[in-house]
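Below is one structure; the comments refer to it alone.
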Amino acid sequence: MKIYLTVVLRTKEAYRDQVKKTLQEMVRLTRLEPAAELYNLHQGIEDPNIFTFYEIWKDQAGLDAHNAQPYIKDFGQKYGAFLQEEPTLIKTVLI
C-alpha cells in the first residue's frame, strides 16, 4: 500500500538559508531511492521559514528504508536546534 506523507518544518529565520540548502540536498538524494515515487519540497509564501515536504512512497518498507538513510538521521541530529518546533508529520493513504 502506498504511503502519502506531508512533513512541515518551521525553521528559525537566522538558519533558513542553511536549512533550505540542506533540505534541497535531501531532495536530490531521496529521489534516487527506488521506493520514492514523489518527493517534493515547498517553501511558504507568507512565511518563508516554513518548509513542506509532500512525499509518496511505494510502501511502508520503502519509507522505513528512507528514514534509515544517514542523511535523514543526520538532519535531525545536526539541524534540530535550527527549527522552531518539532516537525509535523501527517501520514495518510489514498481513499
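By order of appearance in the C-alpha cells: chains A, B, ..., then residues from 1 within every chain, and ligands from 1 in the order shown.
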Using only C-alpha atoms, I'd like a table of the residues in segment 16-42 of chain A that come within 12 Å of segment 70-92 of chain A; for each, show the closest atom pair and its distance in Å rounded to one decimal, ordered by chain and ascending number, as CSV.
residue,atom,partner,partner_atom,distance
A:Arg16,CA,A:Phe82,CA,8.2
A:Asp17,CA,A:Phe82,CA,10.8
A:Gln18,CA,A:Phe82,CA,9.2
A:Val19,CA,A:Tyr79,CA,7.4
A:Lys20,CA,A:Tyr79,CA,11.0
A:Lys21,CA,A:Phe75,CA,11.7
A:Thr22,CA,A:Phe75,CA,8.1
A:Leu23,CA,A:Phe75,CA,8.6
A:Gln24,CA,A:Tyr71,CA,11.7
A:Glu25,CA,A:Tyr71,CA,9.1
A:Met26,CA,A:Tyr71,CA,6.9
A:Val27,CA,A:Ile72,CA,10.4
A:Arg28,CA,A:Tyr71,CA,11.0
A:Leu29,CA,A:Tyr71,CA,8.4
A:Thr30,CA,A:Ile72,CA,9.2
Filtering to N, CA, C and O atoms, could you give me those residues as an mmCIF file, in the first residue's frame?
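Output file selection01.cif is given in full below:
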data_model
loop_
_atom_site.group_PDB
_atom_site.id
_atom_site.type_symbol
_atom_site.label_atom_id
_atom_site.label_comp_id
_atom_site.auth_asym_id
_atom_site.auth_seq_id
_atom_site.Cartn_x
_atom_site.Cartn_y
_atom_site.Cartn_z
ATOM 1 N N ARG A 16 17.461 29.864 8.119
ATOM 2 C CA ARG A 16 16.612 29.495 6.978
ATOM 3 C C ARG A 16 17.416 29.085 5.748
ATOM 4 O O ARG A 16 17.164 28.034 5.162
ATOM 5 N N ASP A 17 18.371 29.878 5.333
ATOM 6 C CA ASP A 17 19.116 29.573 4.113
ATOM 7 C C ASP A 17 19.931 28.294 4.246
ATOM 8 O O ASP A 17 20.002 27.490 3.315
ATOM 9 N N GLN A 18 20.525 28.093 5.392
ATOM 10 C CA GLN A 18 21.316 26.887 5.635
ATOM 11 C C GLN A 18 20.420 25.641 5.627
ATOM 12 O O GLN A 18 20.752 24.626 5.016
ATOM 13 N N VAL A 19 19.272 25.731 6.299
ATOM 14 C CA VAL A 19 18.337 24.607 6.327
ATOM 15 C C VAL A 19 17.801 24.342 4.922
ATOM 16 O O VAL A 19 17.723 23.195 4.477
ATOM 17 N N LYS A 20 17.458 25.392 4.204
ATOM 18 C CA LYS A 20 16.929 25.240 2.841
ATOM 19 C C LYS A 20 17.923 24.493 1.947
ATOM 20 O O LYS A 20 17.543 23.564 1.228
ATOM 21 N N LYS A 21 19.167 24.858 2.016
ATOM 22 C CA LYS A 21 20.196 24.211 1.204
ATOM 23 C C LYS A 21 20.292 22.719 1.552
ATOM 24 O O LYS A 21 20.381 21.860 0.664
ATOM 25 N N THR A 22 20.255 22.410 2.836
ATOM 26 C CA THR A 22 20.326 21.016 3.273
ATOM 27 C C THR A 22 19.096 20.240 2.824
ATOM 28 O O THR A 22 19.204 19.098 2.358
ATOM 29 N N LEU A 23 17.921 20.846 2.945
ATOM 30 C CA LEU A 23 16.693 20.175 2.512
ATOM 31 C C LEU A 23 16.720 19.906 1.008
ATOM 32 O O LEU A 23 16.278 18.838 0.558
ATOM 33 N N GLN A 24 17.236 20.840 0.240
ATOM 34 C CA GLN A 24 17.331 20.635 -1.206
ATOM 35 C C GLN A 24 18.267 19.477 -1.542
ATOM 36 O O GLN A 24 18.011 18.711 -2.477
ATOM 37 N N GLU A 25 19.322 19.312 -0.782
ATOM 38 C CA GLU A 25 20.223 18.183 -0.992
ATOM 39 C C GLU A 25 19.530 16.874 -0.594
ATOM 40 O O GLU A 25 19.705 15.846 -1.253
ATOM 41 N N MET A 26 18.723 16.915 0.451
ATOM 42 C CA MET A 26 17.956 15.735 0.837
ATOM 43 C C MET A 26 16.997 15.326 -0.282
ATOM 44 O O MET A 26 16.819 14.132 -0.552
ATOM 45 N N VAL A 27 16.397 16.292 -0.937
ATOM 46 C CA VAL A 27 15.509 16.002 -2.066
ATOM 47 C C VAL A 27 16.293 15.287 -3.165
ATOM 48 O O VAL A 27 15.852 14.270 -3.700
ATOM 49 N N ARG A 28 17.439 15.815 -3.493
ATOM 50 C CA ARG A 28 18.255 15.212 -4.553
ATOM 51 C C ARG A 28 18.579 13.754 -4.236
ATOM 52 O O ARG A 28 18.399 12.860 -5.067
ATOM 53 N N LEU A 29 19.012 13.498 -3.009
ATOM 54 C CA LEU A 29 19.382 12.141 -2.610
ATOM 55 C C LEU A 29 18.164 11.212 -2.517
ATOM 56 O O LEU A 29 18.214 10.062 -2.946
ATOM 57 N N THR A 30 17.085 11.725 -1.979
ATOM 58 C CA THR A 30 15.892 10.895 -1.796
ATOM 59 C C THR A 30 15.291 10.480 -3.126
ATOM 60 O O THR A 30 14.802 9.354 -3.268
#
For Asn40 of chain A, work out the shell of residues within 7 Å, counting only C-alpha atoms and skipping chain neighbours fewer than 6 positions away, then give it as a PyMOL selection string.
chain A and resi 53-55
What would the file look like if the residues just selected were written as an mmCIF file, in the first residue's frame with C-alpha atoms?
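Output contents, as saved in selection12.cif:
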data_model
loop_
_atom_site.group_PDB
_atom_site.id
_atom_site.type_symbol
_atom_site.label_atom_id
_atom_site.label_comp_id
_atom_site.auth_asym_id
_atom_site.auth_seq_id
_atom_site.Cartn_x
_atom_site.Cartn_y
_atom_site.Cartn_z
ATOM 1 C CA PHE A 53 7.628 18.033 2.023
ATOM 2 C CA TYR A 54 4.994 16.162 0.047
ATOM 3 C CA GLU A 55 6.005 12.555 -0.391
#
Apply DSSP to the structure's backbone, then extract all residues of segment 35-79 of chain A labelled alpha helix (DSSP H) and return them as a list in words.
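The alpha helix (DSSP H) subset of segment 35-79 of chain A is Gln60, Ala61, Gly62, Leu63, Asp64, Ala65, His66, Asn67, Pro70, Tyr71, Ile72, Lys73, Asp74, Phe75, Gly76, Gln77, Lys78 and Tyr79 of chain A.
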May I have the residues from that selection written out with N, CA and C atoms, as an mmCIF file, in the first residue's frame?
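Okay, this is what ended up in result-v1.cif:
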data_model
loop_
_atom_site.group_PDB
_atom_site.id
_atom_site.type_symbol
_atom_site.label_atom_id
_atom_site.label_comp_id
_atom_site.auth_asym_id
_atom_site.auth_seq_id
_atom_site.Cartn_x
_atom_site.Cartn_y
_atom_site.Cartn_z
ATOM 1 N N GLN A 60 5.350 0.961 3.133
ATOM 2 C CA GLN A 60 5.945 1.291 4.438
ATOM 3 C C GLN A 60 7.405 0.871 4.503
ATOM 4 N N ALA A 61 7.732 -0.255 3.894
ATOM 5 C CA ALA A 61 9.130 -0.717 3.904
ATOM 6 C C ALA A 61 10.037 0.307 3.221
ATOM 7 N N GLY A 62 9.578 0.896 2.135
ATOM 8 C CA GLY A 62 10.362 1.921 1.447
ATOM 9 C C GLY A 62 10.535 3.168 2.295
ATOM 10 N N LEU A 63 9.479 3.568 2.993
ATOM 11 C CA LEU A 63 9.572 4.721 3.890
ATOM 12 C C LEU A 63 10.513 4.424 5.047
ATOM 13 N N ASP A 64 10.437 3.207 5.575
ATOM 14 C CA ASP A 64 11.335 2.819 6.665
ATOM 15 C C ASP A 64 12.796 2.861 6.203
ATOM 16 N N ALA A 65 13.048 2.385 4.985
ATOM 17 C CA ALA A 65 14.409 2.413 4.437
ATOM 18 C C ALA A 65 14.882 3.854 4.276
ATOM 19 N N HIS A 66 13.991 4.732 3.847
ATOM 20 C CA HIS A 66 14.326 6.154 3.701
ATOM 21 C C HIS A 66 14.706 6.759 5.055
ATOM 22 N N ASN A 67 13.893 6.473 6.062
ATOM 23 C CA ASN A 67 14.151 7.035 7.389
ATOM 24 C C ASN A 67 15.433 6.510 8.010
ATOM 25 N N PRO A 70 21.450 7.710 6.218
ATOM 26 C CA PRO A 70 22.285 8.586 7.047
ATOM 27 C C PRO A 70 21.933 10.068 6.911
ATOM 28 N N TYR A 71 21.608 10.520 5.719
ATOM 29 C CA TYR A 71 21.319 11.949 5.550
ATOM 30 C C TYR A 71 19.996 12.356 6.198
ATOM 31 N N ILE A 72 19.091 11.419 6.390
ATOM 32 C CA ILE A 72 17.849 11.715 7.107
ATOM 33 C C ILE A 72 18.127 11.752 8.613
ATOM 34 N N LYS A 73 18.844 10.782 9.102
ATOM 35 C CA LYS A 73 19.196 10.749 10.525
ATOM 36 C C LYS A 73 20.057 11.957 10.897
ATOM 37 N N ASP A 74 21.019 12.288 10.040
ATOM 38 C CA ASP A 74 21.907 13.421 10.304
ATOM 39 C C ASP A 74 21.144 14.735 10.395
ATOM 40 N N PHE A 75 20.104 14.888 9.578
ATOM 41 C CA PHE A 75 19.357 16.143 9.609
ATOM 42 C C PHE A 75 18.783 16.390 10.999
ATOM 43 N N GLY A 76 18.143 15.382 11.560
ATOM 44 C CA GLY A 76 17.560 15.546 12.892
ATOM 45 C C GLY A 76 18.590 15.861 13.944
ATOM 46 N N GLN A 77 19.747 15.237 13.850
ATOM 47 C CA GLN A 77 20.788 15.445 14.846
ATOM 48 C C GLN A 77 21.478 16.794 14.681
ATOM 49 N N LYS A 78 21.770 17.183 13.451
ATOM 50 C CA LYS A 78 22.541 18.405 13.209
ATOM 51 C C LYS A 78 21.688 19.664 13.159
ATOM 52 N N TYR A 79 20.432 19.531 12.713
ATOM 53 C CA TYR A 79 19.631 20.718 12.449
ATOM 54 C C TYR A 79 18.432 20.883 13.376
#
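Among the candidates A:Ile50, A:Val8, A:Glu13, A:Ile56, the one nearest to Arg31 of chain A when counting only C-alpha atoms is A:Ile56.
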For the atom pair atom CA of Leu94 of chain A and atom CA of Leu38 of chain A, what is the interatomic distance in Å to one decimal place?
14.2 Å
To one decimal place in Å, what is the distance between atom CA of Tyr4 of chain A and atom CA of Ala35 of chain A?
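Here the two named atoms are 12.0 Å from each other.
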Determine which residues of chain A receive a DSSP assignment of strand (DSSP E or B), computed from the backbone, and state them as JSON, numbers by chain.
{"A": [3, 4, 5, 6, 7, 8, 9, 10, 11, 36, 37, 38, 39, 40, 41, 42, 43, 50, 51, 52, 53, 54, 55, 56, 57, 83, 88, 89, 90, 91, 92]}
Dump C-alpha atoms for the selected residues as a PDB file, in the first residue's frame?
ATOM      1  CA  ILE A   3       2.137   5.868   1.869  1.00  0.00           C
ATOM      2  CA  TYR A   4       1.456   9.590   1.436  1.00  0.00           C
ATOM      3  CA  LEU A   5       3.413  11.789   3.793  1.00  0.00           C
ATOM      4  CA  THR A   6       3.312  15.514   4.451  1.00  0.00           C
ATOM      5  CA  VAL A   7       6.029  16.949   6.679  1.00  0.00           C
ATOM      6  CA  VAL A   8       6.004  20.576   7.838  1.00  0.00           C
ATOM      7  CA  LEU A   9       9.173  22.174   9.236  1.00  0.00           C
ATOM      8  CA  ARG A  10       9.434  25.647  10.759  1.00  0.00           C
ATOM      9  CA  THR A  11      12.996  26.890  10.764  1.00  0.00           C
ATOM     10  CA  ALA A  36      10.336   7.269  -3.549  1.00  0.00           C
ATOM     11  CA  GLU A  37       7.575   7.870  -6.074  1.00  0.00           C
ATOM     12  CA  LEU A  38       7.321  11.591  -5.300  1.00  0.00           C
ATOM     13  CA  TYR A  39       9.418  13.767  -3.019  1.00  0.00           C
ATOM     14  CA  ASN A  40       8.770  17.481  -3.372  1.00  0.00           C
ATOM     15  CA  LEU A  41       9.823  20.390  -1.190  1.00  0.00           C
ATOM     16  CA  HIS A  42       7.790  23.587  -0.885  1.00  0.00           C
ATOM     17  CA  GLN A  43       8.571  26.882   0.860  1.00  0.00           C
ATOM     18  CA  ILE A  50       8.029  27.107   6.655  1.00  0.00           C
ATOM     19  CA  PHE A  51       9.135  24.173   4.501  1.00  0.00           C
ATOM     20  CA  THR A  52       6.761  21.397   3.498  1.00  0.00           C
ATOM     21  CA  PHE A  53       7.628  18.033   2.023  1.00  0.00           C
ATOM     22  CA  TYR A  54       4.994  16.162   0.047  1.00  0.00           C
ATOM     23  CA  GLU A  55       6.005  12.555  -0.391  1.00  0.00           C
ATOM     24  CA  ILE A  56       4.616   9.375  -1.926  1.00  0.00           C
ATOM     25  CA  TRP A  57       6.249   6.063  -1.033  1.00  0.00           C
ATOM     26  CA  LEU A  83      13.932  24.505  13.974  1.00  0.00           C
ATOM     27  CA  THR A  88       4.646  17.951  11.957  1.00  0.00           C
ATOM     28  CA  LEU A  89       4.199  14.612  10.157  1.00  0.00           C
ATOM     29  CA  ILE A  90       0.917  13.612   8.550  1.00  0.00           C
ATOM     30  CA  LYS A  91       0.888  10.063   7.179  1.00  0.00           C
ATOM     31  CA  THR A  92      -2.095   9.102   5.020  1.00  0.00           C
TER      32      THR A  92
END
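Atom CA of Asn49 of chain A lies 27.5 Å from atom CA of Val93 of chain A.
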